[in-house]
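Okay, final-v7.txt is below, compact mmCIF, C-alpha atoms:
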# COMPACT_ATOMS: atom_id res chain seq x y z
CA MET P 8 38.97 10.65 62.82
CA LYS P 9 42.48 11.80 61.93
CA THR P 10 45.35 9.60 63.01
CA SER P 11 49.10 10.05 62.93
CA GLU P 12 49.56 6.29 62.74
CA PHE P 13 50.98 5.35 59.35
CA LYS P 14 52.28 1.97 58.25
CA GLY P 15 55.10 2.07 55.76
CA PHE P 16 55.24 5.87 55.64
CA TYR P 17 59.01 5.67 55.12
CA LYS P 18 58.44 3.62 51.96
CA LEU P 19 56.58 6.49 50.25
CA SER P 20 58.25 8.98 47.95
CA PRO P 21 58.70 12.55 49.23
CA GLN P 22 55.85 13.66 46.98
CA GLN P 23 53.56 10.95 48.35
CA ARG P 24 54.48 11.89 51.92
CA LEU P 25 53.68 15.52 51.15
CA ALA P 26 50.27 14.45 49.87
CA GLU P 27 49.61 12.54 53.11
CA VAL P 28 50.72 15.51 55.22
CA ALA P 29 48.49 17.82 53.18
CA LYS P 30 45.51 15.53 53.70
CA PHE P 31 46.13 15.24 57.46
CA SER P 32 46.70 18.97 57.98
CA ASP P 33 44.13 20.32 55.51
CA LEU P 34 46.78 22.13 53.47
CA THR P 35 45.66 24.15 50.47
CA ALA P 36 46.95 23.66 46.94
CA GLU P 37 49.02 26.84 47.44
CA ASP P 38 50.51 25.36 50.63
CA VAL P 39 51.50 22.19 48.80
CA GLU P 40 53.01 24.14 45.92
CA LEU P 41 55.12 26.16 48.35
CA LEU P 42 56.33 23.06 50.18
CA SER P 43 57.26 21.51 46.82
CA LYS P 44 59.81 24.25 46.14
CA THR P 45 62.98 22.94 47.72
CA GLY P 46 65.54 25.28 46.20
CA ALA P 47 69.18 24.23 45.88
CA LEU P 48 68.73 21.12 48.02
CA ASP P 49 67.14 18.63 45.64
CA ILE P 50 64.29 16.70 47.28
CA HIS P 51 65.94 13.39 46.41
CA ALA P 52 69.20 14.47 48.04
CA ALA P 53 67.23 15.58 51.09
CA ASP P 54 65.47 12.21 51.14
CA HIS P 55 68.84 10.51 51.64
CA MET P 56 69.86 12.82 54.48
CA ILE P 57 67.04 12.18 56.99
CA GLU P 58 63.90 10.08 57.30
CA ASN P 59 60.34 10.74 56.11
CA VAL P 60 61.34 13.78 54.04
CA PHE P 61 58.48 15.74 52.47
CA SER P 62 60.05 19.21 51.97
CA THR P 63 63.00 21.39 52.96
CA LEU P 64 63.37 24.55 55.06
CA PRO P 65 65.50 27.31 53.51
CA LEU P 66 67.16 29.83 55.83
CA PRO P 67 68.51 33.28 54.97
CA MET P 68 72.27 33.09 54.46
CA GLY P 69 74.24 36.28 54.88
CA VAL P 70 77.96 36.87 54.79
CA ALA P 71 79.91 38.46 57.62
CA VAL P 72 82.64 40.74 56.32
CA ASN P 73 85.79 42.41 57.72
CA PHE P 74 87.17 39.25 59.35
CA THR P 75 90.88 38.53 59.54
CA VAL P 76 92.03 35.46 61.50
CA ASN P 77 95.74 34.71 61.92
CA GLY P 78 96.50 37.29 59.25
CA LYS P 79 94.17 35.80 56.63
CA ASP P 80 90.98 37.50 55.43
CA TYR P 81 87.71 35.59 55.31
CA LEU P 82 84.15 36.10 54.15
CA ILE P 83 82.02 34.09 56.57
CA PRO P 84 78.68 32.58 55.44
CA MET P 85 76.08 32.62 58.22
CA ALA P 86 72.70 30.86 57.95
CA VAL P 87 70.36 32.36 60.54
CA GLU P 88 66.83 33.74 60.94
CA GLU P 89 67.60 36.37 63.59
CA PRO P 90 68.04 40.00 62.51
CA SER P 91 71.20 41.96 63.43
CA VAL P 92 73.43 38.91 63.88
CA VAL P 93 75.38 39.20 60.62
CA ALA P 94 75.62 42.99 60.83
CA ALA P 95 76.82 42.86 64.44
CA ALA P 96 79.53 40.28 63.70
CA SER P 97 80.73 42.31 60.71
CA ASN P 98 80.89 45.52 62.74
CA ALA P 99 82.82 43.84 65.56
CA ALA P 100 85.27 42.33 63.06
CA ARG P 101 85.81 45.80 61.60
CA MET P 102 86.78 47.14 65.03
CA ALA P 103 89.07 44.15 65.63
CA ARG P 104 91.01 44.81 62.39
CA VAL P 105 92.56 47.96 63.89
CA LYS P 106 94.78 45.82 66.12
CA GLY P 107 95.27 42.92 63.69
CA GLY P 108 91.99 41.05 63.92
CA PHE P 109 91.69 37.68 65.62
CA PHE P 110 94.49 35.30 66.62
CA ALA P 111 93.65 31.63 67.00
CA SER P 112 95.20 28.37 68.16
CA ASN P 113 93.81 24.89 68.73
CA THR P 114 94.53 21.61 70.50
CA GLY P 115 93.94 19.50 67.39
CA PRO P 116 90.98 17.40 66.21
CA ILE P 117 90.88 15.11 69.24
CA MET P 118 87.60 13.36 70.13
CA ARG P 119 86.73 10.96 72.91
CA ALA P 120 84.30 8.09 73.24
CA GLN P 121 83.18 6.45 76.48
CA ILE P 122 82.75 2.77 77.29
CA GLN P 123 80.66 2.16 80.40
CA ILE P 124 81.48 -1.04 82.34
CA VAL P 125 79.44 -2.17 85.35
CA ASN P 126 79.48 -5.07 87.81
CA VAL P 127 83.28 -5.07 88.06
CA ALA P 128 84.37 -6.91 91.21
CA ASP P 129 87.80 -5.28 91.44
CA PRO P 130 87.57 -1.91 89.65
CA TYR P 131 90.97 -0.59 90.74
CA ALA P 132 92.80 -3.72 89.62
CA ALA P 133 90.69 -3.84 86.45
CA ARG P 134 91.73 -0.27 85.69
CA PHE P 135 95.36 -1.34 85.73
CA ARG P 136 94.66 -4.38 83.55
CA ILE P 137 93.18 -2.05 80.93
CA PHE P 138 96.28 0.15 81.03
CA GLU P 139 98.47 -2.92 80.61
CA ALA P 140 96.52 -3.79 77.43
CA ARG P 141 96.74 -0.24 76.08
CA GLU P 142 98.84 -0.95 72.97
CA ARG P 143 96.75 -3.97 71.96
CA LEU P 144 93.52 -2.02 72.43
CA ILE P 145 94.80 0.87 70.31
CA GLU P 146 95.78 -1.58 67.58
CA ILE P 147 92.30 -3.18 67.60
CA ALA P 148 90.58 0.21 67.42
CA ASN P 149 92.78 1.52 64.62
CA ALA P 150 92.19 -1.56 62.51
CA LYS P 151 88.66 -0.24 62.00
CA ASP P 152 89.80 2.78 59.95
CA PRO P 153 93.02 2.25 57.94
CA MET P 154 92.35 5.39 55.88
CA LEU P 155 92.30 7.55 59.01
CA ILE P 156 95.58 5.97 60.14
CA SER P 157 97.16 6.75 56.76
CA LEU P 158 96.25 10.42 57.29
CA GLY P 159 97.94 10.51 60.67
CA GLY P 160 94.81 10.05 62.78
CA GLY P 161 93.40 7.21 64.82
CA MET P 162 93.19 6.22 68.46
CA LYS P 163 96.10 7.70 70.37
CA ASP P 164 95.44 6.92 74.02
CA LEU P 165 92.89 5.91 76.63
CA GLU P 166 91.81 7.02 80.08
CA VAL P 167 90.12 4.87 82.74
CA HIS P 168 87.84 6.52 85.29
CA ILE P 169 86.26 4.96 88.37
CA ILE P 170 82.91 6.67 88.91
CA PRO P 171 80.60 6.03 91.88
CA SER P 172 76.86 6.01 91.15
CA PRO P 173 73.57 5.20 92.94
CA LEU P 174 73.66 1.77 91.23
CA GLY P 175 77.25 1.03 92.13
CA VAL P 176 80.73 1.78 90.87
CA MET P 177 81.16 2.19 87.12
CA LEU P 178 84.41 1.79 85.25
CA VAL P 179 84.39 4.24 82.33
CA VAL P 180 87.04 3.99 79.65
CA HIS P 181 87.68 7.06 77.51
CA LEU P 182 89.00 6.32 74.04
CA ILE P 183 91.06 9.30 72.78
CA ALA P 184 91.30 9.62 69.00
CA ASP P 185 92.57 12.06 66.38
CA THR P 186 89.80 12.30 63.78
CA ARG P 187 91.63 14.65 61.38
CA ASP P 188 89.16 16.56 59.14
CA ALA P 189 86.09 14.58 60.22
CA MET P 190 83.83 15.59 63.08
CA GLY P 191 84.54 12.05 64.21
CA ALA P 192 81.34 10.76 65.82
CA ASN P 193 81.06 7.71 63.58
CA THR P 194 84.78 7.04 63.85
CA VAL P 195 85.03 6.95 67.63
CA ASN P 196 81.69 5.17 68.02
CA THR P 197 82.91 2.38 65.73
CA MET P 198 86.14 2.10 67.71
CA ALA P 199 84.25 1.95 71.00
CA GLU P 200 82.02 -0.81 69.65
CA ALA P 201 85.10 -2.78 68.59
CA LEU P 202 86.71 -2.48 72.03
CA ALA P 203 83.60 -3.29 74.09
CA PRO P 204 84.01 -7.12 74.19
CA HIS P 205 87.68 -6.76 75.05
CA MET P 206 86.78 -4.50 77.97
CA GLU P 207 84.41 -7.15 79.30
CA GLU P 208 87.16 -9.75 78.96
CA LEU P 209 89.69 -7.58 80.82
CA THR P 210 87.37 -6.50 83.63
CA GLY P 211 84.91 -9.35 84.11
CA GLY P 212 82.15 -6.74 83.98
CA LYS P 213 79.37 -5.89 81.57
CA VAL P 214 79.53 -3.12 78.98
CA TYR P 215 76.44 -1.02 78.44
CA LEU P 216 77.01 2.32 76.69
CA ARG P 217 79.78 2.85 74.15
CA ILE P 218 79.42 6.25 72.54
CA LEU P 219 81.22 9.54 71.92
CA SER P 220 81.13 12.47 74.32
CA ASN P 221 80.10 15.86 72.96
CA LEU P 222 82.09 17.49 75.75
CA ALA P 223 85.05 17.69 73.38
CA ASP P 224 87.46 19.16 75.93
CA LYS P 225 90.48 17.88 74.01
CA ARG P 226 89.29 19.59 70.84
CA LEU P 227 89.50 23.17 72.02
CA VAL P 228 89.84 26.33 69.99
CA ARG P 229 91.28 29.47 71.57
CA VAL P 230 90.86 32.90 69.98
CA ARG P 231 92.00 36.29 71.23
CA THR P 232 91.63 39.86 70.03
CA VAL P 233 92.46 43.40 71.11
CA ILE P 234 89.96 46.15 70.41
CA ASP P 235 91.32 49.68 70.19
CA LYS P 236 89.61 51.87 72.79
CA VAL P 237 89.12 54.70 70.30
CA ALA P 238 87.53 52.40 67.72
CA LEU P 239 85.30 51.07 70.48
CA GLY P 240 84.15 54.48 71.65
CA GLY P 241 86.51 55.30 74.51
CA GLU P 242 87.67 53.85 77.81
CA ALA P 243 84.25 54.31 79.36
CA VAL P 244 82.91 51.77 76.85
CA VAL P 245 85.82 49.44 77.65
CA ASP P 246 84.95 49.65 81.34
CA GLY P 247 81.28 49.02 80.63
CA ILE P 248 82.08 45.89 78.60
CA VAL P 249 84.39 44.54 81.31
CA TRP P 250 81.66 45.04 83.91
CA ALA P 251 79.08 43.37 81.63
CA TYR P 252 81.41 40.38 81.16
CA THR P 253 82.05 40.18 84.91
CA PHE P 254 78.30 39.93 85.51
CA ALA P 255 78.19 36.89 83.19
CA ALA P 256 81.27 35.37 84.81
CA VAL P 257 79.71 35.26 88.27
CA ASP P 258 75.97 34.87 87.60
CA PRO P 259 74.56 31.87 85.68
CA TYR P 260 71.32 33.68 84.80
CA ARG P 261 73.31 36.34 83.00
CA ALA P 262 75.82 33.79 81.65
CA ALA P 263 73.05 31.87 79.87
CA THR P 264 72.08 34.93 77.80
CA HIS P 265 75.71 36.02 77.42
CA ASN P 266 76.65 32.61 75.98
CA LYS P 267 73.52 32.57 73.83
CA GLY P 268 74.90 35.72 72.22
CA ILE P 269 78.17 33.92 71.55
CA MET P 270 76.27 31.05 69.95
CA ASN P 271 74.45 33.63 67.79
CA GLY P 272 77.77 33.91 65.98
CA ILE P 273 78.89 30.29 66.18
CA ILE P 274 75.75 28.37 65.19
CA PRO P 275 75.00 30.22 61.91
CA VAL P 276 78.46 29.29 60.60
CA VAL P 277 78.06 25.71 61.83
CA THR P 278 74.67 25.58 60.07
CA ALA P 279 75.96 27.10 56.84
CA THR P 280 78.78 24.55 56.63
CA GLY P 281 76.50 21.57 57.30
CA ASN P 282 77.93 20.72 60.71
CA ASP P 283 76.12 19.47 63.81
CA THR P 284 74.63 22.44 65.67
CA ARG P 285 73.32 20.32 68.56
CA ALA P 286 76.76 18.82 69.25
CA ILE P 287 78.37 22.25 69.27
CA GLU P 288 75.70 23.72 71.57
CA ALA P 289 75.90 20.78 74.00
CA GLY P 290 79.69 20.84 74.10
CA ALA P 291 79.90 24.59 74.59
CA HIS P 292 77.41 24.76 77.45
CA ALA P 293 78.89 21.70 79.17
CA TYR P 294 82.33 23.29 78.91
CA ALA P 295 80.96 26.51 80.42
CA ALA P 296 79.92 24.47 83.47
CA ARG P 297 82.99 22.23 83.69
CA ASN P 298 84.06 23.64 87.07
CA GLY P 299 80.66 23.12 88.67
CA HIS P 300 79.53 26.70 88.02
CA TYR P 301 77.98 27.79 84.74
CA THR P 302 79.94 30.80 83.52
CA SER P 303 81.01 32.82 80.49
CA LEU P 304 82.80 31.18 77.55
CA THR P 305 84.64 34.46 76.94
CA THR P 306 86.76 36.82 79.00
CA TRP P 307 87.09 40.59 78.55
CA GLU P 308 89.80 42.69 80.23
CA LYS P 309 91.27 46.17 79.97
CA ASN P 310 94.96 45.94 79.11
CA SER P 311 97.77 48.30 80.11
CA ASP P 312 97.03 50.58 77.13
CA GLY P 313 93.39 50.93 78.13
CA ASP P 314 92.27 48.80 75.17
CA LEU P 315 89.85 45.89 75.42
CA ALA P 316 91.38 42.40 75.35
CA GLY P 317 89.02 39.50 74.67
CA THR P 318 89.42 35.72 74.56
CA ILE P 319 87.27 32.68 73.96
CA GLU P 320 88.04 29.02 74.67
CA VAL P 321 85.45 26.55 73.45
CA PRO P 322 85.16 22.93 72.22
CA MET P 323 84.64 22.91 68.48
CA ALA P 324 84.00 19.48 66.97
CA VAL P 325 83.39 20.35 63.32
CA GLY P 326 84.45 18.57 60.16
CA LEU P 327 84.95 19.01 56.45
CA VAL P 328 84.33 15.39 55.43
CA GLY P 329 81.22 13.28 55.92
CA GLY P 330 77.67 14.21 56.78
CA ALA P 331 75.78 17.18 55.37
CA THR P 332 79.02 19.09 54.80
CA LYS P 333 79.62 16.96 51.72
CA VAL P 334 76.03 16.12 50.78
CA HIS P 335 74.32 19.52 50.98
CA PRO P 336 75.23 21.60 47.88
CA ILE P 337 75.00 24.94 49.72
CA ALA P 338 77.11 23.65 52.61
CA ARG P 339 79.78 22.67 50.08
CA LEU P 340 79.69 26.17 48.62
CA ALA P 341 79.84 27.75 52.08
CA VAL P 342 83.06 25.84 52.72
CA LYS P 343 84.35 26.97 49.33
CA ILE P 344 83.55 30.61 50.14
CA LEU P 345 85.47 30.28 53.42
CA GLY P 346 88.43 28.74 51.62
CA VAL P 347 89.41 26.63 54.63
CA GLN P 348 91.87 23.79 54.24
CA SER P 349 91.27 21.83 57.43
CA ALA P 350 88.68 21.19 60.13
CA VAL P 351 90.76 23.00 62.74
CA GLU P 352 90.96 26.10 60.52
CA LEU P 353 87.18 26.03 60.19
CA ALA P 354 86.88 25.64 63.97
CA GLU P 355 89.09 28.68 64.56
CA ILE P 356 86.99 30.83 62.22
CA ILE P 357 83.78 29.72 63.92
CA ALA P 358 85.13 30.57 67.38
CA ALA P 359 86.35 33.96 66.13
CA THR P 360 82.84 34.68 64.87
CA GLY P 361 81.47 33.81 68.31
CA LEU P 362 83.95 36.18 69.98
CA ALA P 363 83.02 38.96 67.54
CA GLN P 364 79.32 38.42 68.15
CA ASN P 365 79.87 38.58 71.90
CA LEU P 366 81.81 41.84 71.53
CA ALA P 367 79.00 43.40 69.51
CA ALA P 368 76.36 42.39 72.07
CA LEU P 369 78.37 43.62 75.05
CA ARG P 370 79.15 46.92 73.35
CA ALA P 371 75.45 47.46 72.68
CA LEU P 372 74.59 46.60 76.27
CA ALA P 373 77.29 48.93 77.61
CA THR P 374 76.20 51.88 75.43
CA GLU P 375 72.80 52.28 73.75
CA GLY P 376 71.26 49.05 75.01
CA ILE P 377 70.64 45.92 73.00
CA GLN P 378 67.17 46.83 71.76
CA ARG P 379 67.85 49.88 69.61
CA GLY P 380 69.89 48.25 66.88
CA HIS P 381 68.24 44.87 67.18
CA MET P 382 64.69 46.17 67.09
CA SER P 383 65.25 48.36 64.05
CA LEU P 384 66.18 45.23 62.12
CA HIS P 385 63.48 43.14 63.77
CA ALA P 386 60.98 45.78 62.65
CA ARG P 387 61.51 44.73 59.03
CA ASN P 388 60.35 41.20 59.81
CA VAL P 389 57.32 42.52 61.68
CA ALA P 390 56.45 44.86 58.79
CA VAL P 391 56.73 42.11 56.17
CA ALA P 392 54.57 39.79 58.30
CA ALA P 393 51.96 42.57 58.45
CA GLY P 394 51.81 42.70 54.66
CA ALA P 395 54.13 45.64 53.93
CA THR P 396 55.05 45.63 50.24
CA PRO P 397 58.51 46.83 49.09
CA ASP P 398 57.19 50.29 48.17
CA ILE P 399 56.02 51.04 51.73
CA LEU P 400 58.34 48.77 53.77
CA ASP P 401 60.85 51.46 54.76
CA GLN P 402 58.08 53.86 55.78
CA VAL P 403 56.48 51.26 58.05
CA VAL P 404 59.82 50.35 59.64
CA LYS P 405 60.80 53.98 60.28
CA ALA P 406 57.42 54.77 61.82
CA MET P 407 57.54 51.79 64.17
CA VAL P 408 61.11 52.52 65.31
CA LYS P 409 60.40 56.24 65.77
CA GLU P 410 57.38 55.52 67.96
CA GLY P 411 59.11 52.66 69.77
CA LYS P 412 56.20 50.40 68.89
CA VAL P 413 57.60 47.42 67.00
CA ARG P 414 54.45 45.34 67.20
CA GLN P 415 52.34 43.36 64.78
CA ASP P 416 49.15 45.30 65.48
CA TYR P 417 50.82 48.69 64.98
CA ALA P 418 52.54 47.47 61.81
CA GLN P 419 49.18 46.32 60.46
CA GLU P 420 47.67 49.68 61.25
CA LEU P 421 50.47 51.51 59.40
CA VAL P 422 50.21 49.18 56.41
CA ASN P 423 46.47 49.77 56.15
CA GLN P 424 46.95 53.55 56.33
CA LEU P 425 49.70 53.64 53.72
CA LYS P 426 47.84 51.36 51.32
CA LYS P 427 44.85 53.69 51.42

Would you mind giving the structure from this file in structure tokens?
Amino acid sequence: MKTSEFKGFYKLSPQQRLAEVAKFSDLTAEDVELLSKTGALDIHAADHMIENVFSTLPLPMGVAVNFTVNGKDYLIPMAVEEPSVVAAASNAARMARVKGGFFASNTGPIMRAQIQIVNVADPYAARFRIFEARERLIEIANAKDPMLISLGGGMKDLEVHIIPSPLGVMLVVHLIADTRDAMGANTVNTMAEALAPHMEELTGGKVYLRILSNLADKRLVRVRTVIDKVALGGEAVVDGIVWAYTFAAVDPYRAATHNKGIMNGIIPVVTATGNDTRAIEAGAHAYAARNGHYTSLTTWEKNSDGDLAGTIEVPMAVGLVGGATKVHPIARLAVKILGVQSAVELAEIIAATGLAQNLAALRALATEGIQRGHMSLHARNVAVAAGATPDILDQVVKAMVKEGKVRQDYAQELVNQLKK
């Protein structure tokens, strides 16, 4: 009987782990050979990035063109499996160039960590005692990372929140730190750990959690753009986009898909540069619900000239140092292609890509519908999966799109006919 229980699996080499996986899953020799091809990410490098490595998963990486942000042109690497994403972002950026492209600002690379304190007899007085010790606490935290302090970063302030809960009042201290060009998770977590015993001493309570928050609402990026109405297709299209945005602003069911479209632009750049996609997703969606109602991360308005004005405000905790950004060879090259000099510059570019992606989706929804362009590109994936070789691929795609039948069974039927 097969079992997934292994003792010492982590001690095996990647090749030995692959052999065990192959045995468990009845993989063929061809399967094993394919899994052994790891591409630019050497298997030994991968083995140091996560646990129990046995292979790697390459993703297509395209480049979005036409982008200008704060007057500077960028080519933007995007690692993603979904068709139409790169093309849509590039097309939206082309329309944005007419009025100068995208204009970005940021609140700096500020992260927060939380220290949870319970069983405090006098929480309001304890809150004040923590404030009185502010300077000493900052000094203790900053002693953990002298290099960060030398670069102008470090813990800058703290907040103390009194939060009721079903188990009683909690005192929650927020450590506010400038993490410079790092994403900052390890930095603020280390600081929180260092401050935990001092919090117990000051409050008489017990510390449980001490960890960063991915709701990075002090690490915001703001991007705006103006889209010429003629480049967009006329004022009727502008009106349609504004109505489509308004739907997302007031209805969470629509907002979820609307914001997913924004993340279609954001996450491929985060992935390509080796940053934490889960942190960015969590922070963005939490920020979209910060007022108790899940809503759009973007706004779209018609200005006094009849043009379309768009903005996005989103937390963007990305870094250029540490983690996969430095370890993964392709992530390093993606950063080189971007030519960014700081984490906040990278964050601005990522948010601009999200705004562009949202524009492209809304324009499609307001005009031809989202399926036409998307499905024509999706048809290529369906055709390849059905066994279409390069010599007949275009014929299969055109036939499926023309008939409006982008399905695996129809693709297989077309492939069989053309091969005969």

**Message:** Please compute the atom CA of P:Gly159-atom CA of P:Ala111 distance, one decimal, in Å.
**Reply:**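 Result for atom CA of P:Gly159 versus atom CA of P:Ala111: 22.5 Å, one decimal.
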
**Request:** Tell me which of P:Gly317, P:Gly361, P:Gly241, P:Pro336 sits closest to P:Val92, counting all atoms listed in the file.
**Result:** P:Gly361

Shell around P:Val351 at 10 Å using all atoms listed in the file, local window under 3 positions removed, as a tab-separated table (two decimals) with C-alpha atoms, in the coordinates of the input:
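Below is the file that was written, selection_0.tsv:
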chain	number	residue	atom	x	y	z
P	112	SER	CA	95.20	28.37	68.16
P	113	ASN	CA	93.81	24.89	68.73
P	114	THR	CA	94.53	21.61	70.50
P	115	GLY	CA	93.94	19.50	67.39
P	116	PRO	CA	90.98	17.40	66.21
P	187	ARG	CA	91.63	14.65	61.38
P	188	ASP	CA	89.16	16.56	59.14
P	189	ALA	CA	86.09	14.58	60.22
P	226	ARG	CA	89.29	19.59	70.84
P	227	LEU	CA	89.50	23.17	72.02
P	228	VAL	CA	89.84	26.33	69.99
P	323	MET	CA	84.64	22.91	68.48
P	324	ALA	CA	84.00	19.48	66.97
P	325	VAL	CA	83.39	20.35	63.32
P	326	GLY	CA	84.45	18.57	60.16
P	327	LEU	CA	84.95	19.01	56.45
P	347	VAL	CA	89.41	26.63	54.63
P	348	GLN	CA	91.87	23.79	54.24
P	354	ALA	CA	86.88	25.64	63.97
P	355	GLU	CA	89.09	28.68	64.56
P	356	ILE	CA	86.99	30.83	62.22
P	357	ILE	CA	83.78	29.72	63.92

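Atom CA of P:Ala52 lies 12.1 Å from atom CA of P:Ile337.
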
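Atom CA of P:Lys267 sits 22.6 Å away from atom CA of P:Val389.
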
**Message:** Using all atoms listed in the file, list the residues that have an atom at most 10 Å from (83.7, 30.1, 81.0), coordinates as in the file, as an MDAnalysis selection string.
**Reply:** chainID P and resid 255:257 262 266 291:298 300:306 319:321

Written selection (C-alpha atoms) as a short mmCIF file (atom, residue, chain, number, x, y, z; two decimals), in the frame of the given file:
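Result file is again_36.cif:
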data_model
loop_
_atom_site.label_atom_id
_atom_site.label_comp_id
_atom_site.auth_asym_id
_atom_site.auth_seq_id
_atom_site.Cartn_x
_atom_site.Cartn_y
_atom_site.Cartn_z
CA ALA P 255 78.19 36.89 83.19
CA ALA P 256 81.27 35.37 84.81
CA VAL P 257 79.71 35.26 88.27
CA ALA P 262 75.82 33.79 81.65
CA ASN P 266 76.65 32.61 75.98
CA ALA P 291 79.90 24.59 74.59
CA HIS P 292 77.41 24.76 77.45
CA ALA P 293 78.89 21.70 79.17
CA TYR P 294 82.33 23.29 78.91
CA ALA P 295 80.96 26.51 80.42
CA ALA P 296 79.92 24.47 83.47
CA ARG P 297 82.99 22.23 83.69
CA ASN P 298 84.06 23.64 87.07
CA HIS P 300 79.53 26.70 88.02
CA TYR P 301 77.98 27.79 84.74
CA THR P 302 79.94 30.80 83.52
CA SER P 303 81.01 32.82 80.49
CA LEU P 304 82.80 31.18 77.55
CA THR P 305 84.64 34.46 76.94
CA THR P 306 86.76 36.82 79.00
CA ILE P 319 87.27 32.68 73.96
CA GLU P 320 88.04 29.02 74.67
CA VAL P 321 85.45 26.55 73.45
#

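Every protein, DNA or RNA residue with an atom at most 7 Å from stretch 171-183 of chain P, where all atoms listed in the file count and chain neighbours fewer than 2 positions away do not, is listed here: Ile117, Met118, Arg119, Ala120, Gln121, Ile122, Gln123, Ile124, Val125, Pro130, Met162, Lys163, Asp164, Leu165, Glu166, Val167, His168 and Ile169 of chain P.
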
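Of the residues listed (P:Ala367, P:Ile137, P:Leu222, P:Leu158), P:Ile137 shows the shortest atom-to-atom separation from P:Glu208; distances use all atoms listed in the file.
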
Reconstruct N, CA, C and O atoms of stretch 316-328 of chain P; output as a PDB file, in the frame of the given file.
ATOM      1  N   ALA P 316      90.799  43.689  75.751  1.00  0.00           N
ATOM      2  CA  ALA P 316      91.380  42.400  75.350  1.00  0.00           C
ATOM      3  C   ALA P 316      90.347  41.304  75.592  1.00  0.00           C
ATOM      4  O   ALA P 316      89.824  41.158  76.707  1.00  0.00           O
ATOM      5  N   GLY P 317      90.039  40.544  74.560  1.00  0.00           N
ATOM      6  CA  GLY P 317      89.020  39.500  74.670  1.00  0.00           C
ATOM      7  C   GLY P 317      89.550  38.138  74.258  1.00  0.00           C
ATOM      8  O   GLY P 317      90.414  38.030  73.381  1.00  0.00           O
ATOM      9  N   THR P 318      89.048  37.095  74.911  1.00  0.00           N
ATOM     10  CA  THR P 318      89.420  35.720  74.560  1.00  0.00           C
ATOM     11  C   THR P 318      88.205  34.822  74.620  1.00  0.00           C
ATOM     12  O   THR P 318      87.236  35.097  75.338  1.00  0.00           O
ATOM     13  N   ILE P 319      88.270  33.737  73.868  1.00  0.00           N
ATOM     14  CA  ILE P 319      87.270  32.680  73.960  1.00  0.00           C
ATOM     15  C   ILE P 319      87.987  31.343  73.890  1.00  0.00           C
ATOM     16  O   ILE P 319      88.948  31.179  73.128  1.00  0.00           O
ATOM     17  N   GLU P 320      87.556  30.403  74.717  1.00  0.00           N
ATOM     18  CA  GLU P 320      88.040  29.020  74.670  1.00  0.00           C
ATOM     19  C   GLU P 320      86.816  28.124  74.662  1.00  0.00           C
ATOM     20  O   GLU P 320      85.991  28.182  75.577  1.00  0.00           O
ATOM     21  N   VAL P 321      86.692  27.310  73.623  1.00  0.00           N
ATOM     22  CA  VAL P 321      85.450  26.550  73.450  1.00  0.00           C
ATOM     23  C   VAL P 321      85.730  25.257  72.679  1.00  0.00           C
ATOM     24  O   VAL P 321      86.571  25.236  71.784  1.00  0.00           O
ATOM     25  N   PRO P 322      85.054  24.145  73.038  1.00  0.00           N
ATOM     26  CA  PRO P 322      85.160  22.930  72.220  1.00  0.00           C
ATOM     27  C   PRO P 322      84.543  23.189  70.852  1.00  0.00           C
ATOM     28  O   PRO P 322      83.527  23.861  70.753  1.00  0.00           O
ATOM     29  N   MET P 323      85.165  22.645  69.817  1.00  0.00           N
ATOM     30  CA  MET P 323      84.640  22.910  68.480  1.00  0.00           C
ATOM     31  C   MET P 323      84.847  21.681  67.593  1.00  0.00           C
ATOM     32  O   MET P 323      85.805  21.575  66.829  1.00  0.00           O
ATOM     33  N   ALA P 324      83.912  20.731  67.716  1.00  0.00           N
ATOM     34  CA  ALA P 324      84.000  19.480  66.970  1.00  0.00           C
ATOM     35  C   ALA P 324      83.277  19.621  65.641  1.00  0.00           C
ATOM     36  O   ALA P 324      82.110  19.238  65.503  1.00  0.00           O
ATOM     37  N   VAL P 325      83.956  20.195  64.661  1.00  0.00           N
ATOM     38  CA  VAL P 325      83.390  20.350  63.320  1.00  0.00           C
ATOM     39  C   VAL P 325      84.270  19.625  62.319  1.00  0.00           C
ATOM     40  O   VAL P 325      85.447  19.350  62.581  1.00  0.00           O
ATOM     41  N   GLY P 326      83.691  19.310  61.168  1.00  0.00           N
ATOM     42  CA  GLY P 326      84.450  18.570  60.160  1.00  0.00           C
ATOM     43  C   GLY P 326      84.237  19.118  58.768  1.00  0.00           C
ATOM     44  O   GLY P 326      83.326  19.925  58.514  1.00  0.00           O
ATOM     45  N   LEU P 327      85.064  18.656  57.869  1.00  0.00           N
ATOM     46  CA  LEU P 327      84.950  19.010  56.450  1.00  0.00           C
ATOM     47  C   LEU P 327      84.604  17.801  55.591  1.00  0.00           C
ATOM     48  O   LEU P 327      84.338  17.950  54.403  1.00  0.00           O
ATOM     49  N   VAL P 328      84.648  16.608  56.184  1.00  0.00           N
ATOM     50  CA  VAL P 328      84.330  15.390  55.430  1.00  0.00           C
ATOM     51  C   VAL P 328      83.196  14.668  56.143  1.00  0.00           C
ATOM     52  O   VAL P 328      83.078  14.699  57.367  1.00  0.00           O
TER      53      VAL P 328
END
